[in-house]
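First up is the structure itself, then whatever we jot down about it.
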Amino acid sequence: MAQNRTLDSFFIKENKPVASQPAKVAQAEKEPEAQITQTAPVEEKASQGLVKKEKKPRILPPMAPLDLSPSYFVSASYNGRQRKAIIKLYEPESGELYFWQDNTGHKPYCLTSLPKEKVLQFERITKHQGFDSCISEQRFDPLANQNIEVTKIVAKDPLAIGGRPSGTIRDIIPEDHPQICGCKIQDSDTKIWESKIKYYQSYIYDRKLLPGMIYQIKNGTLTEVIVNEAEQALGKIREVFNDETLEEQEFAEMWAKLLEYPAPKFRRAAIDIEVYSPLSNRVPDAREGACPVIACSIYSSEGDKKVLVLKRRDRPNEKIQTGTDIDIEFCETEEDLLQQIFKVLNDFPFILTFNGDDFDLRYLVHRALNLGVPKIDIPIDVGKRVCSIKYGVHIDLYKFFFNRSIQGYAFNNRYKDVSLGDVGVALLGMEKIHLDKAFGDLTYNELSHYCLRDSEITYKLTSFEDDSAMKLILVLARISSMPMEDVSRQGVSRWIRNFMQREHRKRGLLIPNAEDILTKKGRTSTTAVIKGKKYKGAIVVEPTPGVHFNVAVMDFPSLYPSIIKVWNLGYQSIDCNHLECKKQMIPDTQHWVCTQKRALESLLIGSLRDLRVRWYKSRAKDNTLPIELRNWYNTVQGALKVILNASYGVFGADSFDLYCPPVAEATAAIGRYSITQILEHAEASGIKVLYGDTDSLFLKNPSKEQIEEVSHWTEQHLNMNIDVDKVYRYAVFSARKKNYLGVLENGTVDVKGLTGKKKHIPVFIRDAFNQMKERLAKVKTPAEFENAKKDIANIVKDRYTRLKRREWDNNTELAFHVVLGDDLSKYTKTTPQHVKAAFILQKTGKELRAGDLISFVKVNSNKERVKPVELTYKNEIDTDKYIAYLQSTFEQVLDALGLNFDEIIGLTKLAQFFV
C-alpha cells in the first residue's frame, strides 16, 4: 500500500490557517460588484497551426455594449442587486460572453383568484416588503374551458413571491384566505397560480424570447436576428406540411424555425482538479475543503493542454519530462494555484466539468474561503445542488450523461455506467489513467498526465462527432425554452413542462396547478396488470417459442406521440365538458376526448413527431447534403427522439407539473387497440404473427405484398403509419414475454430482455452469453442449427465445470456492479446486496457517496451473503449461487433452442430429484 504523507509536504512556504474567516468574508459580501480586468490569450488559426495572440483585457461583469453583433442566447439569470433579469449572449466571432440587462421594467408576479379589491384590503400583502402592485386581468382557464378574472400580484423581487421557507405571498394567501374574504375555511376556494415558475423563465415566456437562438443588440435593445439560409429551409418545410391543417402548419413552422437555425462553435474549457488527502482511500469532503488542491488541468477549444501544479517541499529538485505537449505551470503557493484557476473560469465563456457541481467547483469555493480568499474574488456561486460560474456558463456533463433519456435515445445505450472512465471508453475509446499508488507518491509528470487525461476526456465528450453533445444541449434549449445549464442538468419532464408553460403564456392560458388537474381529471377507469401501476399498460402478444427464419418487424414510428396527435389527447381535451363530445369514447376506457378544440399537447407533440419523421430523419441520411448539415440534422432528430419517447410517460408521472393520469391511460389504451386491430387483420389475411410488444409486430416470412397491404390498411383505418423497421435472418423466442434474440442479415445480434445482456451481470457469465451470441450470429440456415446447438451446450457445460472446480482467473470475473443510488446513511429500512457490501467497505475506512460503483460477490462466509470483491478470498465464493445465475441466464434461450440446462450439465431426472 502506498505510504501516506502529511499535508506539509505540499507547501513550499507556510500557508494561512485552514479555518474559515467569516468576518472577512462577510465584509466582502457587502462590497459592490467590482469591475475586474484580466488579460486572457485567444487563438487564431494560421497555416502553421494555432497561434496565440493577446486580446483586450476583459471587463467583469461583462456587460453588453449598446450595439452587439449577432450572438446566441445561451443562458439567463436574475441580478438581485439590480432586480432585473439578465440574458447571457455568446458572441461567436470573439468567443466572448456578454450580459444584457432587462430594460423593459418587467417584474415578478403570481396570479390569484382573489379579486383585486380583496387583495388591496389585506395588509399582510400590501405591507409585505416585496409587494409592488396588483392588477385585474383576464385569463382563459383550460380546465373550466372559459375566461376568468384573476388578480396579478406584482412583486419587487422573485423571493417575495416564493422561494423562501415562509412569509412569501404564495404562503400568505392560502394561510389567511378566511380573513381576506370573510368566509369559513371549509368554503375557501382561493387559488394561487404560476408562483413556482423561476423568475427568469417567466421573463423568457413573457418577452417571447427563444433560448439558443440568435439575437443582436441595437442601441441597447435586444432584437431577433433572421438567418436567410434558415428561412429558405422553412419554405421547403412548409411545402412538406401543406397537407396539414393551418393550426398544425403553424406549430410545425414554429418548431422548424428553432431547429433550422445554425449552431456556433463554442469556445470552452474543461477543467479537473486533484486534491490531496492524508487517507489515500478517502475522497475529501467538498463542503469542507479541508485538504489542499494540488493540481488543476485545463483542456480547451483553443488547444490548451495545461496543468497547474502546486510545488512541494519534498520534491525541490525533481525534473519535468520534456518532449510532451503538456504545458506544466508551477504555482509557489496554493493561493497562487487557486488564483490561476479562477482566471481560467473568468476567461472562458463555457466551463465543462464532470461532476463539478458536487465536487470540483464546490471544493474550490470552500477551499478558497478556508484560505481567506474574499468571496467577491471567487467566480463561482454555490447553490444547494448546482455550482454556477459568475461570468460564464457551467455545464456539468455528469448530470447530462446520467440523464436516462439522453443515455438511451441520444446515445443508443452505448455506455452503461455513468463514470468518466466508462463514458469515455464507450463514446471515445479513451480510458482514464489508472493509478497503482497514492497521489502523494506521484511524480509531477505522473500527476500532470493523470489530471490532464480527465479534463481531456471531459472536453472530448463535447467535441466528438462534430461537437454533437454541445449542439444537442443547444437544440434542447431551443425546444424547451431553457438556459443551456438547466437543460444539461434537468430531465426530459422539465423540458416538456417548460415548452408547455411557454405555449400557455403565449396564448393567454392560465397555467393550472398539478393538484387542480388531478382533482378535476384524475380518475382512471382500467385496472393495472403490473403491481404499483395506476392503469392498464401496453399489450404484449404471447410469443411463439422456437427458432423462426425471415422475421419482419413492423412498428409504428413514434406510436404514442402519433396517438396523442391523432386522438387529440391532452389534459384539457380528455373528459371535456362538452356533452356532444362524449360520443368520442376512448376504446377500453370510460374516457372521451374533445372534438371541438385541439389540445396543446396534441399540437405540440404531434408537430414534433411529424417534423422528425417527415423531415429530419430522412435529411440526416441524405448523402447529397454537406456532412456538416447532415450532422446537424442528425443531432436534431436525436433531440426530437429524446423528447418524443418521453412524451407519453410524463403525463402518467405524478412528479410532472401537468400530471394527468387519464391522458396516459388513454394513450396506452389506444396503443392496445391499434396493435390488436392490426393483429386481427394480419391473421385474417393469412399472415403469421409470432409476437407483439407495445408498438411492434413480428411477422413470419411475410411477402412484400402482404407488408404493403398491412401498411395501407393501418393508414386507412387507424390514421397512423406502420413500417418495416428491420428484418431478422432468424429470431429466437422463449416462452417468456419481452425476452427474445434476433439476428440481422449482417450478423448483428439484437437481444431483448435476456439476463445475459444486462450490465450488472458478472463478466464470467456475460462472456459465455456473448460467446453464444457470436455462435448464433454465424447460423444462416435451419440446417446449421444442430451444430450451433452442440457448441452452445459446450459453452454452458464449460462454465458450469469451471464454477464447480473454482477455476476462474480472478474474483472480479464474478463481481456484480451496482451504483449506489443514495448516500449510505439514507439506507435505513431496506439494504440491497450492493448496499450491504458498501457498509462492509465503509468499515474499512473507505468513504462512499451516492453515485459510487459497488463491486461485490456472493459468498457463504458471512450472514450478509455478500462481500466487496476486493475483500474476498476465492474459497469464500458461493458457487451454487453462480451456477443458479448461469442457469437463469441461459435457460431463456435454451428453451427456445430445445435444450435443457440440467441435461447439458449431466444431471439425469433421478439425479435432479436428489439435488
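If you're wondering about the labels, chains in the C-alpha cells are A, B, ... by order shown, residues count from 1 in each chain, ligands from 1 in order shown.
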Long-range neighbours of segment 82-98 of chain A as a PyMOL selection string, 9 Å cut-off, only C-alpha atoms, 4 positions minimum in chain: chain A and resi 42+61-65+68-78+102-103+105-107+156-158+199-200+203+214-216+264-268+347-350+391-393
Same residues, C-alpha atoms, output as a tab-separated table (two decimals), in the first residue's frame:
chain	number	residue	atom	x	y	z
A	42	VAL	CA	-7.09	33.74	-27.59
A	61	PRO	CA	-19.01	41.65	-15.14
A	62	PRO	CA	-19.09	41.54	-18.95
A	63	MET	CA	-21.98	43.90	-19.62
A	64	ALA	CA	-23.01	44.07	-23.27
A	65	PRO	CA	-22.30	47.24	-25.26
A	68	LEU	CA	-23.57	43.91	-30.23
A	69	SER	CA	-23.22	41.77	-33.35
A	70	PRO	CA	-25.30	38.56	-33.71
A	71	SER	CA	-24.94	36.42	-30.60
A	72	TYR	CA	-26.52	33.30	-29.17
A	73	PHE	CA	-28.89	33.46	-26.20
A	74	VAL	CA	-27.30	30.72	-24.08
A	75	SER	CA	-28.43	31.45	-20.54
A	76	ALA	CA	-30.46	33.64	-18.23
A	77	SER	CA	-30.38	34.61	-14.57
A	78	TYR	CA	-31.54	37.26	-12.12
A	102	ASP	CA	-33.59	43.94	-18.94
A	103	ASN	CA	-34.66	47.47	-19.87
A	105	GLY	CA	-39.36	47.17	-16.45
A	106	HIS	CA	-40.57	43.58	-16.24
A	107	LYS	CA	-41.23	42.40	-12.68
A	156	LYS	CA	-40.33	43.88	-6.38
A	157	ASP	CA	-38.24	40.70	-6.39
A	158	PRO	CA	-38.88	36.99	-7.02
A	199	TYR	CA	-38.43	34.32	-12.48
A	200	TYR	CA	-36.02	34.23	-15.41
A	203	TYR	CA	-39.36	36.61	-18.08
A	214	ILE	CA	-29.60	34.37	-32.34
A	215	TYR	CA	-30.06	37.95	-31.14
A	216	GLN	CA	-28.26	41.23	-31.55
A	264	PRO	CA	-21.95	28.24	-33.26
A	265	LYS	CA	-18.53	26.90	-32.41
A	266	PHE	CA	-18.42	27.08	-28.63
A	267	ARG	CA	-15.25	28.47	-27.03
A	268	ARG	CA	-14.90	26.33	-23.95
A	347	ASP	CA	-11.81	33.89	-19.23
A	348	PHE	CA	-13.79	31.13	-20.92
A	349	PRO	CA	-17.49	31.61	-21.68
A	350	PHE	CA	-18.18	27.89	-21.17
A	391	TYR	CA	-19.30	35.36	-15.59
A	392	GLY	CA	-19.79	32.29	-17.73
A	393	VAL	CA	-21.81	29.12	-18.24
Going by DSSP on the backbone, which bits of segment 699-768 of chain A are strand (DSSP E or B)? Write them as a PyMOL selection string, please. chain A and resi 699-700+723-733+740-744+749-752
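Between Tyr730 of chain A and the residues A:Lys780, A:His504, A:Lys311, A:Arg766, the shortest atom-to-atom distance, using only C-alpha atoms, involves A:Lys780.
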Given the choices A:Asn550, A:Asn739, A:Asn811, A:Asn242, which gets closest to Ser703 of chain A if the distance is worked out from only C-alpha atoms? A:Asn550
Distance of atom CA of Ile378 of chain A from atom CA of Gln339 of chain A, expressed in Å to one decimal place: 8.8 Å
Would you give me, as a tab-separated table, each residue of segment 168-274 of chain A having an atom within 7 Å of an atom of segment 476-484 of chain A, along with its shortest atom pair and that distance in Å to one decimal, using only C-alpha atoms and sorting by chain and residue number?
residue	atom	partner	partner_atom	distance
A:Leu210	CA	A:Ser481	CA	6.0
A:Pro211	CA	A:Ser481	CA	5.3
A:Gly212	CA	A:Arg478	CA	5.1
A:Met213	CA	A:Arg478	CA	6.9
A:Leu258	CA	A:Arg478	CA	6.0
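Shortest atom-to-atom contact with Leu510 of chain A among A:Asp878, A:Ala896, A:Ser195, A:Glu628: A:Ser195, counting only C-alpha atoms.
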Report, in Å with one decimal, the straight-line distance from atom CA of Arg313 of chain A to atom CA of Lys432 of chain A. 28.0 Å
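Of the residues listed (A:Gly429, A:Gly606, A:Gly692, A:Gly235), A:Gly606 shows the shortest atom-to-atom separation from Leu640 of chain A; distances use only C-alpha atoms.
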Would you mind listing what lies within 6 Å of Val150 of chain A as a PyMOL selection string, with only C-alpha atoms counted and same-chain residues fewer than 2 positions away left out? chain A and resi 112-113+136-137
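The residue set within 9 Å of Gly130 of chain A, counting only C-alpha atoms and dropping same-chain residues fewer than 4 places from it, reads Ile125, Thr126, Val154, Ala155, Lys156, Asp157, Pro158, Leu159, Ala160, Ile161, Thr168 and Ile169 of chain A.
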Residues from the last selection, N, CA and C atoms, saved as an mmCIF file, in the first residue's frame:
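part32.cif was written with the following content:
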data_model
loop_
_atom_site.group_PDB
_atom_site.id
_atom_site.type_symbol
_atom_site.label_atom_id
_atom_site.label_comp_id
_atom_site.auth_asym_id
_atom_site.auth_seq_id
_atom_site.Cartn_x
_atom_site.Cartn_y
_atom_site.Cartn_z
ATOM 1 N N ILE A 125 -50.474 41.491 2.759
ATOM 2 C CA ILE A 125 -49.984 41.501 1.377
ATOM 3 C C ILE A 125 -49.488 42.887 1.008
ATOM 4 N N THR A 126 -50.336 43.897 1.191
ATOM 5 C CA THR A 126 -49.983 45.251 0.726
ATOM 6 C C THR A 126 -48.803 45.842 1.483
ATOM 7 N N VAL A 154 -47.997 41.823 -8.415
ATOM 8 C CA VAL A 154 -46.659 42.145 -8.896
ATOM 9 C C VAL A 154 -45.748 42.397 -7.701
ATOM 10 N N ALA A 155 -44.544 41.867 -7.762
ATOM 11 C CA ALA A 155 -43.603 41.991 -6.644
ATOM 12 C C ALA A 155 -42.337 42.716 -7.086
ATOM 13 N N LYS A 156 -41.586 43.172 -6.100
ATOM 14 C CA LYS A 156 -40.334 43.876 -6.383
ATOM 15 C C LYS A 156 -39.185 42.915 -6.671
ATOM 16 N N ASP A 157 -39.281 41.703 -6.119
ATOM 17 C CA ASP A 157 -38.242 40.699 -6.386
ATOM 18 C C ASP A 157 -38.876 39.310 -6.316
ATOM 19 N N PRO A 158 -38.269 38.330 -6.957
ATOM 20 C CA PRO A 158 -38.880 36.989 -7.019
ATOM 21 C C PRO A 158 -39.071 36.331 -5.666
ATOM 22 N N LEU A 159 -38.176 36.582 -4.700
ATOM 23 C CA LEU A 159 -38.284 35.933 -3.401
ATOM 24 C C LEU A 159 -39.513 36.385 -2.622
ATOM 25 N N ALA A 160 -40.092 37.516 -3.011
ATOM 26 C CA ALA A 160 -41.333 37.943 -2.366
ATOM 27 C C ALA A 160 -42.498 37.045 -2.776
ATOM 28 N N ILE A 161 -42.443 36.513 -3.998
ATOM 29 C CA ILE A 161 -43.486 35.599 -4.472
ATOM 30 C C ILE A 161 -43.331 34.238 -3.815
ATOM 31 N N THR A 168 -43.827 34.280 2.309
ATOM 32 C CA THR A 168 -43.953 34.780 0.949
ATOM 33 C C THR A 168 -45.428 34.964 0.593
ATOM 34 N N ILE A 169 -45.656 35.684 -0.471
ATOM 35 C CA ILE A 169 -47.035 35.975 -0.882
ATOM 36 C C ILE A 169 -47.798 34.701 -1.195
#
